[in-house]
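**Student:** Sharing structure_36.csv here; it has CSV, C-alpha atoms.
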chain,number,residue,atom,x,y,z
O,1,GLY,CA,-1.4,-60.3,-5.6
O,2,ARG,CA,-3.5,-62.3,-3.2
O,3,ILE,CA,-5.1,-65.7,-3.9
O,4,LYS,CA,-8.9,-65.3,-3.8
O,5,LYS,CA,-9.8,-68.8,-4.7
O,6,ALA,CA,-8.1,-72.2,-5.2
O,7,LEU,CA,-9.9,-74.9,-7.1
O,8,SER,CA,-8.8,-78.1,-9.0
O,9,GLY,CA,-5.2,-76.9,-9.3
O,10,PHE,CA,-6.1,-73.3,-10.4
O,11,TYR,CA,-5.4,-70.3,-8.3
O,12,TYR,CA,-7.3,-67.1,-8.9
O,13,VAL,CA,-5.0,-64.2,-8.0
O,14,ASP,CA,-6.3,-60.6,-7.4
O,15,THR,CA,-3.5,-58.3,-8.5
O,16,GLY,CA,-5.5,-55.1,-7.7
O,17,GLU,CA,-6.0,-54.6,-11.5
O,18,GLY,CA,-8.0,-57.8,-12.1
O,19,ILE,CA,-8.1,-61.5,-11.5
O,20,VAL,CA,-5.5,-63.7,-13.1
O,21,THR,CA,-6.1,-67.5,-13.4
O,22,CYS,CA,-2.8,-69.2,-12.5
O,23,ARG,CA,-1.2,-72.6,-12.1
O,24,ALA,CA,1.6,-73.2,-9.6
O,25,ARG,CA,5.2,-74.0,-10.4
O,26,GLY,CA,6.0,-77.7,-10.3
O,27,ARG,CA,8.7,-77.1,-7.6
O,28,PHE,CA,5.9,-76.4,-5.0
O,29,ARG,CA,4.7,-80.0,-5.3
O,30,LYS,CA,8.3,-81.3,-4.9
O,31,GLU,CA,8.7,-79.1,-1.8
O,32,GLY,CA,5.3,-80.3,-0.4
O,33,VAL,CA,3.9,-76.8,-0.4
O,34,SER,CA,0.6,-75.7,-1.8
O,35,PRO,CA,-0.6,-72.1,-2.4
O,36,LEU,CA,-3.6,-71.3,-0.3
O,37,VAL,CA,-6.4,-68.8,-0.3
O,38,GLY,CA,-5.2,-65.7,1.6
O,39,ASP,CA,-1.6,-66.2,0.4
O,40,ARG,CA,0.4,-63.2,-1.0
O,41,VAL,CA,2.1,-64.5,-4.1
O,42,GLU,CA,4.4,-63.4,-6.9
O,43,ILE,CA,3.2,-64.4,-10.4
O,44,THR,CA,4.3,-64.3,-14.0
O,45,VAL,CA,1.6,-63.3,-16.4
O,46,SER,CA,1.4,-64.5,-20.0
O,47,GLY,CA,-1.6,-63.3,-21.9
O,48,THR,CA,-4.7,-63.9,-19.8
O,49,GLU,CA,-3.1,-66.6,-17.6
O,50,GLY,CA,-0.3,-66.7,-15.1
O,51,MET,CA,2.0,-68.9,-13.0
O,52,VAL,CA,2.6,-68.7,-9.3
O,53,ASP,CA,6.3,-68.2,-8.8
O,54,ALA,CA,6.7,-67.5,-5.1
O,55,ILE,CA,4.6,-67.5,-1.9
O,56,GLY,CA,5.2,-64.7,0.5
O,57,PRO,CA,5.8,-65.1,4.3
O,58,ARG,CA,2.8,-66.6,6.1
O,59,ARG,CA,1.4,-65.4,9.4
O,60,ASN,CA,-0.3,-68.7,9.9
O,61,VAL,CA,-1.7,-71.7,8.0
O,62,PHE,CA,-4.9,-73.6,8.6
O,63,SER,CA,-5.5,-77.0,7.0
O,64,ARG,CA,-9.3,-77.0,7.6
O,65,PRO,CA,-10.2,-74.6,6.2
O,66,ALA,CA,-7.2,-74.5,3.9
O,67,VAL,CA,-6.3,-70.9,4.2
O,68,ALA,CA,-3.4,-68.7,5.2
O,69,ASN,CA,-2.6,-65.3,6.9
O,70,ILE,CA,-5.8,-65.1,8.9
O,71,ASP,CA,-6.2,-62.3,11.3
O,72,GLN,CA,-9.4,-63.5,12.8
O,73,LEU,CA,-11.3,-66.8,12.7
O,74,VAL,CA,-15.1,-66.1,12.9
O,75,ILE,CA,-16.7,-69.3,14.2
O,76,VAL,CA,-20.3,-69.3,13.1
O,77,ALA,CA,-22.5,-71.4,15.4
O,78,SER,CA,-26.2,-71.9,16.1
O,79,ASN,CA,-28.3,-73.0,19.1
O,80,ALA,CA,-31.3,-73.6,16.8
O,81,ILE,CA,-31.3,-76.1,13.9
O,82,PRO,CA,-28.7,-77.3,13.5
O,83,GLN,CA,-27.4,-77.0,17.0
O,84,THR,CA,-23.7,-76.6,17.3
O,85,ASP,CA,-21.9,-78.8,19.7
O,86,PRO,CA,-19.6,-76.6,21.9
O,87,TYR,CA,-17.0,-79.3,21.5
O,88,LEU,CA,-16.6,-78.2,17.9
O,89,ILE,CA,-16.3,-74.6,18.9
O,90,ASP,CA,-13.7,-75.4,21.6
O,91,ARG,CA,-11.5,-77.3,19.1
O,92,MET,CA,-11.5,-74.4,16.8
O,93,THR,CA,-10.8,-71.8,19.4
O,94,ALA,CA,-7.9,-73.9,20.6
O,95,ILE,CA,-6.4,-74.0,17.2
O,96,ALA,CA,-6.9,-70.3,16.6
O,97,ALA,CA,-5.1,-69.5,19.9
O,98,LEU,CA,-2.2,-71.6,19.0
O,99,LYS,CA,-2.0,-70.0,15.5
O,100,GLY,CA,-1.8,-66.5,17.0
O,101,CYS,CA,-5.2,-65.7,15.4
O,102,GLU,CA,-8.0,-63.7,17.0
O,103,VAL,CA,-11.3,-65.4,17.3
O,104,LEU,CA,-14.9,-64.3,17.2
O,105,ILE,CA,-17.7,-66.7,18.1
O,106,CYS,CA,-20.7,-65.6,16.0
O,107,ILE,CA,-23.9,-67.2,17.3
O,108,ASN,CA,-26.3,-66.9,14.4
O,109,LYS,CA,-30.1,-67.5,14.3
O,110,SER,CA,-30.6,-65.5,17.4
O,111,ASP,CA,-34.2,-64.9,16.3
O,112,LEU,CA,-34.9,-68.6,16.9
O,113,ASP,CA,-32.8,-69.0,20.1
O,114,HIS,CA,-30.8,-66.5,22.2
O,115,ALA,CA,-28.4,-69.3,23.3
O,116,ASP,CA,-28.1,-68.0,26.8
O,117,GLU,CA,-26.1,-71.1,28.1
O,118,LEU,CA,-23.7,-71.0,25.2
O,119,CYS,CA,-23.1,-67.3,25.7
O,120,ALA,CA,-22.4,-67.9,29.4
O,121,ILE,CA,-19.8,-70.5,28.6
O,122,TYR,CA,-17.7,-68.1,26.4
O,123,GLU,CA,-18.3,-65.1,28.5
O,124,LYS,CA,-16.7,-66.9,31.4
O,125,ALA,CA,-13.9,-68.1,29.1
O,126,GLY,CA,-13.2,-64.5,28.1
O,127,LEU,CA,-13.7,-65.2,24.4
O,128,PRO,CA,-15.5,-62.6,22.3
O,129,PHE,CA,-18.9,-63.6,21.0
O,130,LEU,CA,-21.7,-62.0,19.2
O,131,LEU,CA,-25.4,-62.8,18.6
O,132,THR,CA,-26.6,-62.3,15.0
O,133,SER,CA,-29.6,-63.1,12.8
O,134,ALA,CA,-29.1,-63.1,9.1
O,135,GLU,CA,-32.9,-63.3,8.9
O,136,THR,CA,-33.7,-60.2,10.9
O,137,GLY,CA,-30.5,-58.3,10.5
O,138,ASP,CA,-29.8,-58.2,14.3
O,139,GLY,CA,-26.1,-57.9,15.1
O,140,ILE,CA,-25.0,-57.5,11.5
O,141,ALA,CA,-23.9,-53.9,12.0
O,142,GLU,CA,-21.7,-55.0,14.9
O,143,LEU,CA,-20.4,-57.9,13.0
O,144,ARG,CA,-19.4,-55.5,10.2
O,145,GLU,CA,-17.4,-53.5,12.7
O,146,ARG,CA,-15.7,-56.6,14.1
O,147,ILE,CA,-14.4,-57.7,10.7
O,148,SER,CA,-13.5,-54.3,9.2
O,149,GLY,CA,-9.8,-54.0,8.4
O,150,LYS,CA,-9.0,-57.6,8.9
O,151,LEU,CA,-8.7,-60.8,6.9
O,152,SER,CA,-11.4,-62.9,8.6
O,153,ALA,CA,-12.2,-66.5,7.8
O,154,PHE,CA,-15.8,-67.7,8.4
O,155,THR,CA,-16.1,-71.3,9.4
O,156,GLY,CA,-18.4,-73.6,11.3
O,157,ASN,CA,-20.6,-76.6,10.9
O,158,SER,CA,-22.9,-76.7,7.9
O,159,GLY,CA,-26.3,-75.1,8.0
O,160,VAL,CA,-25.5,-72.4,10.7
O,161,GLY,CA,-25.8,-69.6,8.2
O,162,LYS,CA,-22.3,-68.7,7.0
O,163,SER,CA,-23.4,-67.9,3.5
O,164,SER,CA,-26.5,-66.1,4.7
O,165,LEU,CA,-24.3,-63.8,6.9
O,166,LEU,CA,-22.1,-63.2,4.0
O,167,ASN,CA,-25.0,-62.1,1.9
O,168,ALA,CA,-26.1,-59.7,4.6
O,169,LEU,CA,-22.6,-58.3,4.8
O,170,LEU,CA,-22.1,-58.0,1.1
O,171,PRO,CA,-25.5,-57.4,-0.4
O,172,GLU,CA,-24.0,-56.0,-3.6
O,173,LEU,CA,-22.9,-59.5,-4.6
O,174,ASN,CA,-25.1,-61.9,-6.3
O,175,PRO,CA,-26.8,-63.9,-3.6
O,176,ILE,CA,-24.5,-66.7,-2.6
O,177,LEU,CA,-26.2,-70.1,-2.6
O,178,VAL,CA,-27.8,-70.8,0.7
O,179,GLY,CA,-28.7,-74.4,1.6
O,180,ALA,CA,-31.6,-75.7,3.5
O,181,VAL,CA,-31.3,-77.8,6.7
O,182,SER,CA,-32.2,-81.4,6.2
O,183,ASP,CA,-35.6,-82.2,7.8
O,184,ASN,CA,-34.5,-85.8,8.4
O,185,SER,CA,-31.2,-85.2,10.1
O,186,GLY,CA,-31.3,-81.6,11.3
O,187,LEU,CA,-27.9,-81.2,9.7
O,188,GLY,CA,-26.9,-78.5,7.3
O,189,GLN,CA,-26.1,-79.2,3.7
O,190,HIS,CA,-22.8,-78.1,2.3
O,191,THR,CA,-23.3,-75.1,0.0
O,192,THR,CA,-19.7,-73.7,-0.1
O,193,THR,CA,-17.5,-76.2,-2.0
O,194,ALA,CA,-14.2,-74.2,-1.9
O,195,ALA,CA,-12.7,-71.5,0.3
O,196,ARG,CA,-13.1,-68.1,-1.4
O,197,LEU,CA,-12.0,-64.6,-0.5
O,198,TYR,CA,-14.2,-61.5,-0.9
O,199,HIS,CA,-13.1,-57.9,-0.5
O,200,PHE,CA,-15.0,-56.0,2.2
O,201,PRO,CA,-15.8,-52.4,1.2
O,202,GLN,CA,-15.2,-51.1,4.7
O,203,GLY,CA,-11.6,-52.4,4.4
O,204,GLY,CA,-10.3,-55.9,4.9
O,205,ASP,CA,-11.3,-59.3,3.4
O,206,ILE,CA,-13.6,-62.2,4.2
O,207,ILE,CA,-12.9,-65.9,3.4
O,208,ASP,CA,-16.0,-68.1,3.2
O,209,SER,CA,-15.0,-71.8,3.7
O,210,PRO,CA,-16.8,-75.1,3.4
O,211,GLY,CA,-18.6,-76.4,6.5
O,212,ILE,CA,-16.3,-78.3,8.8
O,213,ARG,CA,-16.9,-81.9,9.7
O,214,GLU,CA,-13.5,-82.3,11.5
O,215,PHE,CA,-11.0,-79.9,13.0
O,216,GLY,CA,-8.1,-82.2,13.8
O,217,LEU,CA,-5.7,-81.6,16.7
O,218,TRP,CA,-4.1,-85.1,16.8
O,219,HIS,CA,-0.7,-83.8,15.6
O,220,LEU,CA,-0.4,-81.6,18.7
O,221,ASP,CA,1.1,-82.4,22.1
O,222,PRO,CA,-1.4,-82.3,25.1
O,223,GLU,CA,0.6,-79.4,26.5
O,224,GLN,CA,-0.1,-77.4,23.4
O,225,VAL,CA,-3.8,-78.1,23.6
O,226,THR,CA,-3.8,-77.0,27.2
O,227,LEU,CA,-2.3,-73.6,26.1
O,228,GLY,CA,-5.0,-73.4,23.4
O,229,PHE,CA,-7.6,-72.9,26.2
O,230,ILE,CA,-6.6,-69.3,27.0
O,231,GLU,CA,-8.4,-69.1,30.3
O,232,PHE,CA,-6.5,-72.2,31.6
O,233,ARG,CA,-3.1,-70.5,31.3
O,234,LYS,CA,-3.1,-68.6,34.6
O,235,TYR,CA,-3.6,-71.9,36.5
O,236,LEU,CA,-0.7,-73.7,34.8
O,237,GLY,CA,2.2,-74.1,37.1
O,238,GLY,CA,0.0,-74.1,40.1
O,239,CYS,CA,-0.5,-77.9,40.2
O,240,LYS,CA,1.1,-80.0,42.9
O,241,PHE,CA,2.9,-82.1,40.4
O,242,ARG,CA,4.9,-80.9,37.4
O,243,ASP,CA,3.6,-83.8,35.2
O,244,CYS,CA,0.0,-83.2,36.2
O,245,LYS,CA,-2.5,-84.4,33.5
O,246,HIS,CA,-5.2,-82.0,34.8
O,247,ASP,CA,-7.6,-84.8,35.4
O,248,ASN,CA,-7.8,-86.7,38.7
O,249,ASP,CA,-4.3,-85.8,39.8
O,250,PRO,CA,-4.0,-84.7,43.4
O,251,GLY,CA,-3.6,-81.0,43.8
O,252,CYS,CA,-4.6,-80.1,40.2
O,253,ALA,CA,-5.2,-76.4,40.1
O,254,LEU,CA,-7.1,-76.6,36.8
O,255,ARG,CA,-9.6,-79.2,38.1
O,256,GLU,CA,-10.1,-77.2,41.3
O,257,ALA,CA,-10.8,-74.1,39.2
O,258,ALA,CA,-13.5,-76.0,37.3
O,259,GLU,CA,-15.0,-77.4,40.5
O,260,ASN,CA,-15.0,-73.9,42.0
O,261,GLY,CA,-16.7,-72.4,38.9
O,262,GLU,CA,-13.8,-70.2,38.0
O,263,ILE,CA,-13.6,-71.8,34.5
O,264,ALA,CA,-16.6,-73.3,32.6
O,265,GLU,CA,-17.1,-76.9,33.4
O,266,GLU,CA,-18.2,-77.5,29.8
O,267,ARG,CA,-14.8,-76.2,28.5
O,268,TYR,CA,-12.9,-78.3,31.0
O,269,ASP,CA,-14.9,-81.4,29.9
O,270,ASN,CA,-14.4,-80.6,26.2
O,271,TYR,CA,-10.7,-80.2,26.8
O,272,HIS,CA,-10.5,-83.8,28.1
O,273,ARG,CA,-12.7,-85.0,25.2
O,274,ILE,CA,-10.2,-83.5,22.8
O,275,LEU,CA,-7.3,-85.2,24.5
O,276,GLU,CA,-9.2,-88.5,24.4
O,277,SER,CA,-9.9,-88.1,20.7
O,278,MET,CA,-6.3,-87.3,20.0
O,279,SER,CA,-5.2,-90.4,21.9
O,280,GLN,CA,-7.6,-92.6,19.8
O,281,VAL,CA,-6.5,-91.1,16.5
O,282,LYS,CA,-2.8,-91.6,17.4
O,283,THR,CA,-3.5,-95.2,18.4
O,284,ARG,CA,-5.2,-95.9,15.1
O,285,LYS,CA,-2.4,-94.3,13.1
O,286,ASN,CA,0.3,-96.3,15.0
O,287,PHE,CA,-1.7,-99.5,14.4
O,288,PHE,CA,-2.1,-99.0,10.6
O,289,ASN,CA,1.5,-97.7,10.2
O,290,GLU,CA,3.0,-100.9,11.8
O,291,ASP,CA,5.0,-103.1,9.4
Now that the file is in, can you turn its structure into structure tokens?

**Tutor:**
Amino acid sequence: GRIKKALSGFYYVDTGEGIVTCRARGRFRKEGVSPLVGDRVEITVSGTEGMVDAIGPRRNVFSRPAVANIDQLVIVASNAIPQTDPYLIDRMTAIAALKGCEVLICINKSDLDHADELCAIYEKAGLPFLLTSAETGDGIAELRERISGKLSAFTGNSGVGKSSLLNALLPELNPILVGAVSDNSGLGQHTTTAARLYHFPQGGDIIDSPGIREFGLWHLDPEQVTLGFIEFRKYLGGCKFRDCKHDNDPGCALREAAENGEIAEERYDNYHRILESMSQVKTRKNFFNED
């Protein structure tokens, strides 16, 4: 079956005939592997409970959210309250590209703000985006079409309306807890506490995951991050120097493309913000790992 939910060492496996609550074999811990929501698994059933015996081949693995085999990462954002920093979106789109995963940027709360500047950034980047409003229902039909037949993971910063969108897509479920935005901070409150998979009647599955505070890239090489920005790829190899850092290097094709408006300047700036944050994290890790 497929793992629908993982919580406190229990794995809830949908076998097609029902949900079996399972534990994982001890050897998984010794091997440093954990079953994840989205995993196809083999289980042994005894009575009403079971044991996860084997994990099937994975298409991809995400650590935040902790899910596997994702066809499409739906990044839910907002230009209202709370306002999503494009830097967060760009980190997630880079990871999705490197994981071989489709991406859809879902800009919710369009009834409050149409997010014209945000749309312009991702239109220039060639990344698919969609305006929705869980409040009015605008864009829900198109979102339903975009996720049909796929395993899609919904993610984004807290308060942008992931659970509200899920309620709009799956009204037959009991309403999923929807949290209010804090008046003091303008930040959303975490309402989803664990990743959970829902079957989509039109075909496919949806994973709702907790709001993301961080989406780490520190373990990657700078060259990998560059490839994660898909619109950058056609300029690579066009720089004057082979070891170009794509910053102030003479003859940098990527910087020239940003200056000429061929790629969004915001994406170029966020790319360097990511590299800088990676460098800071690696420096801290090296410091604390010293003997």

**Student:** Quick one: of O:Asn60, O:Thr15, O:Thr21, O:Asn69, who's nearest to O:Val37, counting all atoms listed in the file?

**Tutor:**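 When distances to O:Val37 are compared using all atoms listed in the file, the smallest one comes from O:Asn69.
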
**Student:** Can you list, as a PyMOL selection string, every protein, DNA or RNA residue that comes within 7 Å of O:Gly50 when you count all atoms listed in the file, leaving out same-chain residues fewer than 6 positions away?

**Tutor:** chain O and resi 20-23+43-44

**Student:** Looking at O:Gly204, O:Ala257, O:Lys4, O:Asp116, which one is nearest to O:Lys234, with distances taken over all atoms listed in the file?

**Tutor:**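 Residue with the minimum atom-to-atom distance to O:Lys234: O:Ala257.
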
**Student:** Return the single residue from O:Leu127, O:Ile3, O:Ile140, O:Val52 that is closest to O:Ile19, with distances computed using all atoms listed in the file.

**Tutor:**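 For O:Ile19, the nearest of the candidates is O:Ile3.
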
**Student:** Separation of atom CA of O:Phe200 and atom CA of O:Gly47, in Å?

**Tutor:**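 Going from atom CA of O:Phe200 over to atom CA of O:Gly47, I get 28.5 Å.
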
**Student:** For O:Ala97, please output as number ranges by chain all residues within 8 Å (counting all atoms listed in the file; exclusion window: fewer than 6 positions along the same chain).

**Tutor:** O: 103, 227-230

**Student:** Just give me the gap between atom CA of O:Cys252 and atom CA of O:Ala94 in Å, one decimal is fine.

**Tutor:** 20.8 Å

**Student:** Could you tell me how far atom CA of O:Leu275 lies from atom CA of O:Asn108, in Å and to one decimal?

**Tutor:**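 Going from atom CA of O:Leu275 over to atom CA of O:Asn108 covers 28.2 Å.
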
**Student:** Out of O:Glu123, O:Asp111, O:Asp14, O:Asp249, which residue has the shortest atom-to-atom distance to O:Arg267 when counting all atoms listed in the file?

**Tutor:**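 Among the listed residues, the smallest separation from O:Arg267 belongs to O:Glu123.
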
**Student:** Show me as a PyMOL selection string the residues that reach within 12 Å of (-15.9, -76.8, 21.7), counting all atoms listed in the file and using the file's own coordinates.

**Tutor:** chain O and resi 75+77+84-95+105+118+121-122+125+156-157+214-215+228-229+264-274

**Student:** Rank O:Asn167, O:Ser110, O:Ser78, O:Ser209 by their smallest atom-to-atom distance to O:Pro65, using all atoms listed in the file, and report the top residue only.

**Tutor:** O:Ser209

**Student:** Choose the residue, out of O:Leu104, O:Ile147, O:Val41, O:Val33, that has the smallest atom-to-atom separation from O:Pro57; count all atoms listed in the file.

**Tutor:**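 When distances to O:Pro57 are compared using all atoms listed in the file, the smallest one comes from O:Val41.
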
**Student:** Which residues are close to O:Ala134, i.e. within 7 Å by all atoms listed in the file, leaving aside same-chain residues fewer than 5 positions away? Reply as a list in words.

**Tutor:**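 What passes the distance filter is Lys109, Ser164, Leu165 and Ala168 of chain O.
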
**Student:** Can you tell me, as a ChimeraX atom specification, what residues are no more than 6 Å from stretch 149-154 of chain O when counting only C-alpha atoms, ignoring any on the same chain fewer than 3 positions away?

**Tutor:** /O:70-74,203-208
